[in-house]
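Everything below belongs to entry14.txt, which stores compact mmCIF, C-alpha atoms and all ligand atoms.
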```
# COMPACT_ATOMS: atom_id res chain seq x y z
CA MET A 2 49.57 44.31 -4.70
CA LYS A 3 51.09 45.06 -1.32
CA ALA A 4 51.77 41.93 0.75
CA LEU A 5 49.88 42.10 4.05
CA LYS A 6 51.57 41.10 7.28
CA ARG A 7 48.30 40.34 9.02
CA PHE A 8 47.59 37.70 6.35
CA GLY A 9 51.05 36.18 6.81
CA GLN A 10 51.83 36.92 3.18
CA ASN A 11 55.32 35.69 2.35
CA PHE A 12 55.23 34.17 -1.09
CA LEU A 13 57.47 31.26 -1.99
CA ILE A 14 59.82 32.07 -4.89
CA ASP A 15 62.37 29.24 -4.72
CA ARG A 16 61.80 26.79 -7.58
CA ASN A 17 63.93 24.07 -5.98
CA ILE A 18 61.80 24.05 -2.84
CA LEU A 19 58.64 23.92 -4.95
CA ALA A 20 60.03 20.98 -6.92
CA PHE A 21 61.06 19.25 -3.70
CA MET A 22 57.56 19.65 -2.24
CA ILE A 23 55.90 18.23 -5.33
CA SER A 24 58.17 15.21 -5.56
CA ARG A 25 57.86 14.55 -1.83
CA ALA A 26 54.04 14.59 -1.96
CA ASP A 27 54.16 11.83 -4.59
CA LEU A 28 50.90 12.76 -6.29
CA ASN A 29 48.80 10.49 -8.51
CA GLU A 30 45.53 10.59 -10.44
CA SER A 31 43.43 9.44 -7.49
CA ASP A 32 44.67 12.23 -5.17
CA CYS A 33 42.41 14.96 -3.90
CA ILE A 34 44.52 17.75 -2.40
CA LEU A 35 43.83 20.65 -0.06
CA GLU A 36 45.87 23.85 -0.17
CA ILE A 37 45.56 26.61 2.41
CA GLY A 38 46.53 30.16 1.49
CA ALA A 39 46.87 29.97 -2.30
CA GLY A 40 48.39 33.46 -2.57
CA HIS A 41 49.44 34.18 -6.15
CA GLY A 42 49.09 30.49 -6.91
CA VAL A 43 52.76 29.51 -7.19
CA LEU A 44 52.30 26.24 -5.33
CA THR A 45 48.76 25.88 -6.70
CA ARG A 46 50.09 25.81 -10.27
CA GLU A 47 52.79 23.33 -9.35
CA ILE A 48 50.21 20.95 -7.81
CA LEU A 49 47.98 21.36 -10.87
CA SER A 50 50.87 20.40 -13.15
CA GLN A 51 50.71 16.88 -11.68
CA LYS A 52 48.20 14.16 -12.54
CA ILE A 53 45.68 14.65 -9.71
CA LYS A 54 41.93 14.22 -9.29
CA CYS A 55 41.20 17.51 -7.57
CA LEU A 56 42.62 20.46 -5.67
CA HIS A 57 40.71 22.58 -3.17
CA SER A 58 42.45 25.89 -2.43
CA ILE A 59 41.32 28.14 0.40
CA GLU A 60 42.25 31.83 0.39
CA LEU A 61 41.10 34.73 2.55
CA ASP A 62 42.44 37.78 0.71
CA GLU A 63 39.78 38.91 -1.78
CA ARG A 64 42.36 40.99 -3.68
CA LEU A 65 43.70 37.69 -5.07
CA ARG A 66 40.32 36.75 -6.54
CA PRO A 67 40.87 37.93 -10.17
CA GLU A 68 44.15 36.09 -10.69
CA LEU A 69 43.09 32.89 -8.91
CA GLU A 70 39.73 32.79 -10.69
CA ASN A 71 41.57 33.19 -13.93
CA LEU A 72 43.71 30.17 -13.04
CA ALA A 73 40.61 28.16 -12.03
CA GLU A 74 38.91 28.87 -15.35
CA ASN A 75 41.70 27.04 -17.12
CA SER A 76 42.06 24.29 -14.53
CA PRO A 77 39.06 21.97 -14.16
CA ALA A 78 40.66 20.19 -11.16
CA LEU A 79 40.83 23.40 -9.09
CA SER A 80 38.05 24.57 -6.74
CA LEU A 81 38.54 27.88 -4.93
CA HIS A 82 37.07 28.57 -1.49
CA TRP A 83 37.07 32.16 -0.19
CA SER A 84 37.17 31.83 3.56
CA ASP A 85 39.17 31.95 6.77
CA ALA A 86 40.77 28.49 6.88
CA VAL A 87 40.43 28.30 10.68
CA LYS A 88 36.63 28.68 10.46
CA PHE A 89 36.06 26.87 7.17
CA ASN A 90 33.51 24.06 7.04
CA TYR A 91 35.79 21.24 5.85
CA ASP A 92 32.94 18.71 5.84
CA SER A 93 31.53 20.60 2.85
CA LEU A 94 34.46 19.59 0.64
CA ASN A 95 33.51 17.14 -2.07
CA PRO A 96 35.44 15.06 -2.96
CA PHE A 97 37.08 15.17 0.44
CA PRO A 98 40.87 15.70 0.38
CA GLU A 99 43.25 13.13 1.84
CA LYS A 100 46.41 15.22 1.49
CA ILE A 101 47.33 18.79 2.38
CA ILE A 102 50.14 20.62 0.68
CA ALA A 103 50.49 24.20 1.82
CA ASN A 104 52.67 27.15 2.63
CA ILE A 105 50.36 28.35 5.34
CA PRO A 106 49.95 31.77 6.98
CA TYR A 107 52.27 31.38 9.98
CA ASN A 108 50.17 33.43 12.39
CA ILE A 109 47.38 30.82 12.42
CA THR A 110 49.54 27.67 12.60
CA THR A 111 48.34 26.18 15.88
CA PRO A 112 44.57 26.90 15.63
CA LEU A 113 44.61 25.81 11.99
CA ILE A 114 46.26 22.44 12.68
CA TYR A 115 43.94 21.85 15.65
CA GLU A 116 41.03 22.33 13.24
CA LEU A 117 42.46 20.22 10.42
CA ILE A 118 43.25 17.17 12.54
CA LYS A 119 39.57 16.93 13.53
CA HIS A 120 39.04 15.64 9.99
CA SER A 121 40.52 12.19 10.11
CA GLY A 122 40.02 11.72 6.37
CA ILE A 123 43.08 13.92 5.93
CA LYS A 124 45.96 11.47 6.29
CA TYR A 125 49.00 13.35 5.00
CA TYR A 126 50.24 16.90 5.51
CA LEU A 127 53.16 18.62 3.84
CA LEU A 128 53.36 22.04 5.46
CA MET A 129 55.68 24.99 5.21
CA LEU A 130 55.87 26.42 8.72
CA GLN A 131 57.87 28.90 10.72
CA LYS A 132 60.96 27.01 11.90
CA GLU A 133 60.05 27.39 15.60
CA SER A 134 56.52 26.04 14.98
CA ALA A 135 58.03 23.11 13.11
CA GLU A 136 60.32 22.42 16.07
CA ARG A 137 57.43 22.51 18.54
CA LEU A 138 55.27 20.20 16.45
CA THR A 139 58.03 17.63 16.17
CA ALA A 140 59.55 18.03 19.65
CA LYS A 141 60.43 14.78 21.42
CA PRO A 142 59.64 14.13 25.10
CA ASP A 143 61.99 15.80 27.55
CA THR A 144 62.80 18.77 25.31
CA LYS A 145 62.04 22.47 25.81
CA ALA A 146 59.98 22.82 22.62
CA ARG A 147 57.44 20.15 23.65
CA TYR A 148 53.85 21.48 23.55
CA PRO A 149 50.29 20.12 23.65
CA LEU A 150 49.57 20.00 19.91
CA GLY A 151 52.86 18.17 19.29
CA ILE A 152 51.85 15.54 21.82
CA ILE A 153 48.44 15.10 20.19
CA ILE A 154 50.04 14.62 16.78
CA GLU A 155 52.57 12.16 18.20
CA LEU A 156 49.62 10.16 19.53
CA MET A 157 47.72 10.35 16.24
CA GLY A 158 50.64 9.46 13.97
CA SER A 159 53.93 11.21 13.34
CA ALA A 160 55.51 14.56 12.48
CA GLU A 161 58.94 15.14 11.02
CA ILE A 162 60.98 18.08 9.77
CA ILE A 163 62.11 17.07 6.28
CA HIS A 164 63.73 20.27 5.02
CA LYS A 165 64.98 23.55 6.48
CA VAL A 166 64.03 26.52 4.35
CA PRO A 167 65.92 29.83 4.72
CA ARG A 168 64.02 33.13 4.78
CA ASN A 169 65.41 34.28 1.43
CA CYS A 170 63.22 31.69 -0.35
CA PHE A 171 60.24 34.05 0.17
CA ARG A 172 59.13 37.51 -0.93
CA PRO A 173 58.84 39.71 0.97
CA ILE A 174 61.67 38.18 3.02
CA PRO A 175 60.22 37.31 6.44
CA LYS A 176 62.00 37.88 9.75
CA VAL A 177 61.94 34.13 10.49
CA ASP A 178 63.26 30.97 8.92
CA SER A 179 60.99 28.16 7.79
CA ALA A 180 60.89 24.39 7.67
CA LEU A 181 58.90 21.78 5.81
CA VAL A 182 57.07 19.38 8.07
CA GLU A 183 55.48 16.10 7.09
CA ILE A 184 52.63 14.85 9.28
CA ARG A 185 50.95 11.47 8.96
CA ILE A 186 47.73 10.70 10.80
CA ASN A 187 46.84 7.04 11.27
CA LYS A 188 45.56 6.32 14.80
CA ASN A 189 43.73 7.65 17.89
CA PHE A 190 41.52 9.84 15.66
CA GLU A 191 39.12 10.63 18.52
CA LEU A 192 41.78 12.60 20.45
CA SER A 193 41.55 15.61 18.13
CA ARG A 194 37.91 16.14 19.19
CA ASP A 195 38.40 15.24 22.83
CA LYS A 196 38.02 18.68 24.46
CA LEU A 197 38.78 17.36 27.93
CA PHE A 198 42.04 15.74 26.84
CA ILE A 199 43.16 18.93 25.08
CA GLU A 200 42.22 21.08 28.09
CA PHE A 201 44.02 18.64 30.37
CA LEU A 202 47.24 18.93 28.34
CA HIS A 203 47.02 22.72 28.20
CA ARG A 204 46.44 22.92 31.92
CA ALA A 205 49.41 20.66 32.60
CA PHE A 206 51.63 22.98 30.51
CA THR A 207 50.40 26.27 32.10
CA HIS A 208 53.65 27.02 33.92
CA ARG A 209 56.45 25.08 32.28
CA ARG A 210 58.73 25.13 35.28
CA LYS A 211 56.10 23.82 37.68
CA THR A 212 55.44 20.15 38.33
CA LEU A 213 52.35 18.38 37.03
CA LEU A 214 51.08 18.20 40.59
CA ASN A 215 51.17 22.00 40.88
CA ASN A 216 49.80 22.80 37.45
CA LEU A 217 46.88 20.41 37.76
CA ARG A 218 45.82 21.31 41.31
CA GLY A 219 42.10 22.11 41.21
CA PHE A 220 41.59 21.01 37.59
CA MET A 221 38.31 19.02 37.29
CA ASN A 222 37.75 19.87 40.96
CA ILE A 223 40.48 17.45 41.94
CA ASP A 224 42.74 18.99 44.58
CA ASP A 225 45.18 16.18 45.10
CA TRP A 226 46.37 14.65 41.85
CA ARG A 227 48.93 12.33 43.42
CA GLU A 228 46.79 9.22 43.15
CA ILE A 229 46.15 9.83 39.43
CA LEU A 230 49.64 10.99 38.50
CA GLN A 231 51.47 8.42 40.59
CA ASP A 232 55.16 8.32 39.64
CA CYS A 233 54.72 11.37 37.35
CA ALA A 234 53.51 13.80 40.02
CA SER A 235 56.82 15.58 40.44
CA LEU A 236 57.68 15.64 36.72
CA ARG A 237 57.08 18.57 34.37
CA ALA A 238 54.69 18.38 31.44
CA GLU A 239 57.49 18.44 28.87
CA ASP A 240 59.03 15.27 30.35
CA LEU A 241 56.23 12.84 29.50
CA THR A 242 55.87 10.64 26.43
CA GLY A 243 52.60 10.60 24.52
CA GLU A 244 51.91 7.08 25.75
CA LYS A 245 52.31 8.23 29.34
CA TRP A 246 49.83 11.09 28.79
CA LEU A 247 47.28 8.62 27.47
CA GLU A 248 47.86 6.26 30.36
CA ILE A 249 47.24 9.04 32.91
CA TYR A 250 44.20 10.27 30.98
CA TYR A 251 42.62 6.82 30.88
CA HIS A 252 43.27 6.44 34.58
CA LEU A 253 41.56 9.83 35.09
CA THR A 254 38.47 9.16 32.98
CA LYS A 255 37.89 5.41 33.47
N1 LIG B 1 50.95 29.52 -0.93
C1 LIG B 1 51.40 30.84 -1.35
C2 LIG B 1 51.08 31.93 -0.31
C3 LIG B 1 51.65 31.75 1.07
S1 LIG B 1 51.42 33.19 2.06
C4 LIG B 1 52.89 30.79 -1.65
O1 LIG B 1 53.54 29.82 -1.27
O2 LIG B 1 53.41 31.71 -2.27
C5 LIG B 1 49.99 32.73 2.99
C6 LIG B 1 48.68 32.91 2.23
O3 LIG B 1 47.60 32.59 3.14
C7 LIG B 1 48.40 34.35 1.75
O4 LIG B 1 47.98 34.30 0.41
C8 LIG B 1 47.27 34.85 2.65
O5 LIG B 1 46.42 35.78 2.03
C9 LIG B 1 46.55 33.57 3.01
N2 LIG B 1 45.82 33.61 4.30
C10 LIG B 1 46.13 34.34 5.39
N3 LIG B 1 45.29 34.09 6.40
C11 LIG B 1 44.41 33.15 5.93
C12 LIG B 1 43.30 32.46 6.52
N4 LIG B 1 42.92 32.70 7.77
N5 LIG B 1 42.63 31.58 5.76
C13 LIG B 1 43.02 31.32 4.47
N6 LIG B 1 44.06 31.94 3.87
C14 LIG B 1 44.76 32.84 4.59
```
Since I need it in another form, could you write the structure as structure tokens?
Amino acid sequence: MKALKRFGQNFLIDRNILAFMISRADLNESDCILEIGAGHGVLTREILSQKIKCLHSIELDERLRPELENLAENSPALSLHWSDAVKFNYDSLNPFPEKIIANIPYNITTPLIYELIKHSGIKYYLLMLQKESAERLTAKPDTKARYPLGIIIELMGSAEIIHKVPRNCFRPIPKVDSALVEIRINKNFELSRDKLFIEFLHRAFTHRRKTLLNNLRGFMNIDDWREILQDCASLRAEDLTGEKWLEIYYHLTK
């Protein structure tokens, strides 16, 4: 089977990384897990080797159906879902998963995480990501990699790079390095569905080198943002802490 670039198919082959992921996720018999992009089932099998309650695996590439269905036949805990993970109806999952463990297709990282965090029942994520995506998601205030989704996750919990993973751990070998990121979600659940807040952040980041005052001019039909932004007006979007974003947003919408 030829690996397809458009499906982000780089299969994990490093046994040490697999073992690290499993021990890190600290699985037990009450855990219901979600995996995105099962591929040939390398990580799937590793998760199934633990005492867990259930595993939902989503995969888009129909060519993988025979081998994954074969695995499912011998694994009562495994449910397969053939779908695009960005458009999947997560509310249909029963039992609902609280943890995600996945080596995801890198080309859908941002839209996928935006979708997943809408489901506040999912509390823990262990994700293999492109190194640059991992850096953006975990970027601290006042750094170049800061971006809207990272801010939302900071406000909803935490994100941390726990392991760098070189490209030679995958086949075919990708052109980028990877990193394992751990995300915990435990507060401000409503932000992930707050379209105005998300649009506000994206608007503020439109031109990175411009000030907030310039980027936001005209947004929500407000021409002069000075009164709302106050001491942040001449800062750039990447400078602000999550708390500061919330403070401005509450001031805006109160
Ligand atoms: N977890 C496997 C495969 C990782 S490669 C491993 O570690 O080896 C990424 C996988 O995601 C591929 O199997 C690919 O077919 C699948 N995929 C790509 N786009 C997808 C999408 N939109 N929804 C669900 N799965 C997708």
Could you give me, as a Markdown table, every chain A residue with an atom at most 8 Å from ligand LIG 1 (chain B), plus its closest atom pair and distance in Å to one decimal, counting all atoms listed in the file, rows ordered by chain then number?
```
| residue | atom | partner | partner_atom | distance |
| --- | --- | --- | --- | --- |
| A:Leu5 | CA | B:LIG1 | O5 | 7.5 |
| A:Arg7 | CA | B:LIG1 | C10 | 7.3 |
| A:Phe8 | CA | B:LIG1 | C10 | 3.8 |
| A:Gly9 | CA | B:LIG1 | C5 | 5.3 |
| A:Gln10 | CA | B:LIG1 | S1 | 3.9 |
| A:Asn11 | CA | B:LIG1 | S1 | 4.6 |
| A:Phe12 | CA | B:LIG1 | O2 | 3.3 |
| A:Leu13 | CA | B:LIG1 | O2 | 4.1 |
| A:Ile14 | CA | B:LIG1 | O2 | 6.9 |
| A:Glu36 | CA | B:LIG1 | N1 | 7.7 |
| A:Ile37 | CA | B:LIG1 | N6 | 5.7 |
| A:Gly38 | CA | B:LIG1 | O3 | 3.1 |
| A:Ala39 | CA | B:LIG1 | N1 | 4.3 |
| A:Gly40 | CA | B:LIG1 | O4 | 3.1 |
| A:His41 | CA | B:LIG1 | O2 | 6.1 |
| A:Gly42 | CA | B:LIG1 | C1 | 6.0 |
| A:Val43 | CA | B:LIG1 | O2 | 5.4 |
| A:Leu44 | CA | B:LIG1 | O1 | 5.6 |
| A:Thr45 | CA | B:LIG1 | N1 | 7.2 |
| A:Ile59 | CA | B:LIG1 | C13 | 5.4 |
| A:Glu60 | CA | B:LIG1 | N6 | 3.9 |
| A:Leu61 | CA | B:LIG1 | N6 | 4.3 |
| A:Asp62 | CA | B:LIG1 | O5 | 4.6 |
| A:Leu65 | CA | B:LIG1 | O4 | 7.7 |
| A:Trp83 | CA | B:LIG1 | C13 | 7.6 |
| A:Ser84 | CA | B:LIG1 | N5 | 5.9 |
| A:Asp85 | CA | B:LIG1 | N5 | 3.6 |
| A:Ala86 | CA | B:LIG1 | N5 | 3.8 |
| A:Val87 | CA | B:LIG1 | N4 | 5.8 |
| A:Lys88 | CA | B:LIG1 | N4 | 7.9 |
| A:Ala103 | CA | B:LIG1 | N1 | 6.0 |
| A:Asn104 | CA | B:LIG1 | N1 | 4.6 |
| A:Ile105 | CA | B:LIG1 | C5 | 5.0 |
| A:Pro106 | CA | B:LIG1 | C5 | 4.1 |
| A:Tyr107 | CA | B:LIG1 | C5 | 7.5 |
| A:Asn108 | CA | B:LIG1 | N3 | 7.8 |
| A:Ile109 | CA | B:LIG1 | N4 | 6.7 |
| A:Phe171 | CA | B:LIG1 | O2 | 7.6 |
```
Query raised in the report: So which residues touch Glu47 in chain A within 12 Å, counting all atoms listed in the file, skipping near sequence neighbours fewer than 4 positions away, as an MDAnalysis selection string?
Result: chainID A and resid 13 16:24 26 28 36 39 41:43 51:53 56 72 76 79 102:103
Report summary line: Among A:Asp224, A:Ser93, A:Leu49, A:Lys145, Asn75 in chain A is approached most closely, using only C-alpha atoms, by A:Leu49
Query raised in the report: Got a sec: who's within 12 Å of His252 in chain A, counting all atoms listed in the file, leaving out chain neighbours fewer than 3 positions off, as a list in words?
Result: Trp226, Glu228, Ile229, Leu230, Gln231, Lys245, Trp246, Leu247, Glu248, Ile249 and Lys255 of chain A
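Between CA of Ile184 in chain A and CA of Leu128 in chain A the separation is 8.2 Å.
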Query - Selection near Lys141 in chain A, 10 Å with only C-alpha atoms, sequence-local residues under 4 positions removed, as an MDAnalysis selection string - result: chainID A and resid 136:137 145:148 151:152 155 239:243
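Minimum atom-to-atom distance to His82 in chain A, evaluated using all atoms listed in the file, belongs to A:Ser58 out of A:Lys100, A:Glu70, A:Ile114, A:Ser58.
Taking CA of Leu150 in chain A and CA of Leu113 in chain A as endpoints, the distance between them is 11.0 Å.
Nearest-residue note for Asp195 in chain A: choosing from A:Ala160, A:Ile118, A:Met221, A:Leu236, the minimum distance belongs to A:Ile118, counting only C-alpha atoms.
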Query - Shortest interatomic distance to Leu130 in chain A - which of A:Ala234, A:Leu197, A:Ile162, A:Ala180, counting all atoms listed in the file - result: A:Ala180
Query - Shell of 12 Å around Lys54 in chain A, only C-alpha atoms, local chain residues under 3 positions omitted, as a ChimeraX atom specification - result: /A:28-35,48-51,57,76-80,95-100
Report summary line: Min atom-atom distance to Asn71 in chain A from the set A:Arg168, A:Arg204, A:Arg194, A:Arg46, counting all atoms listed in the file, belongs to A:Arg46
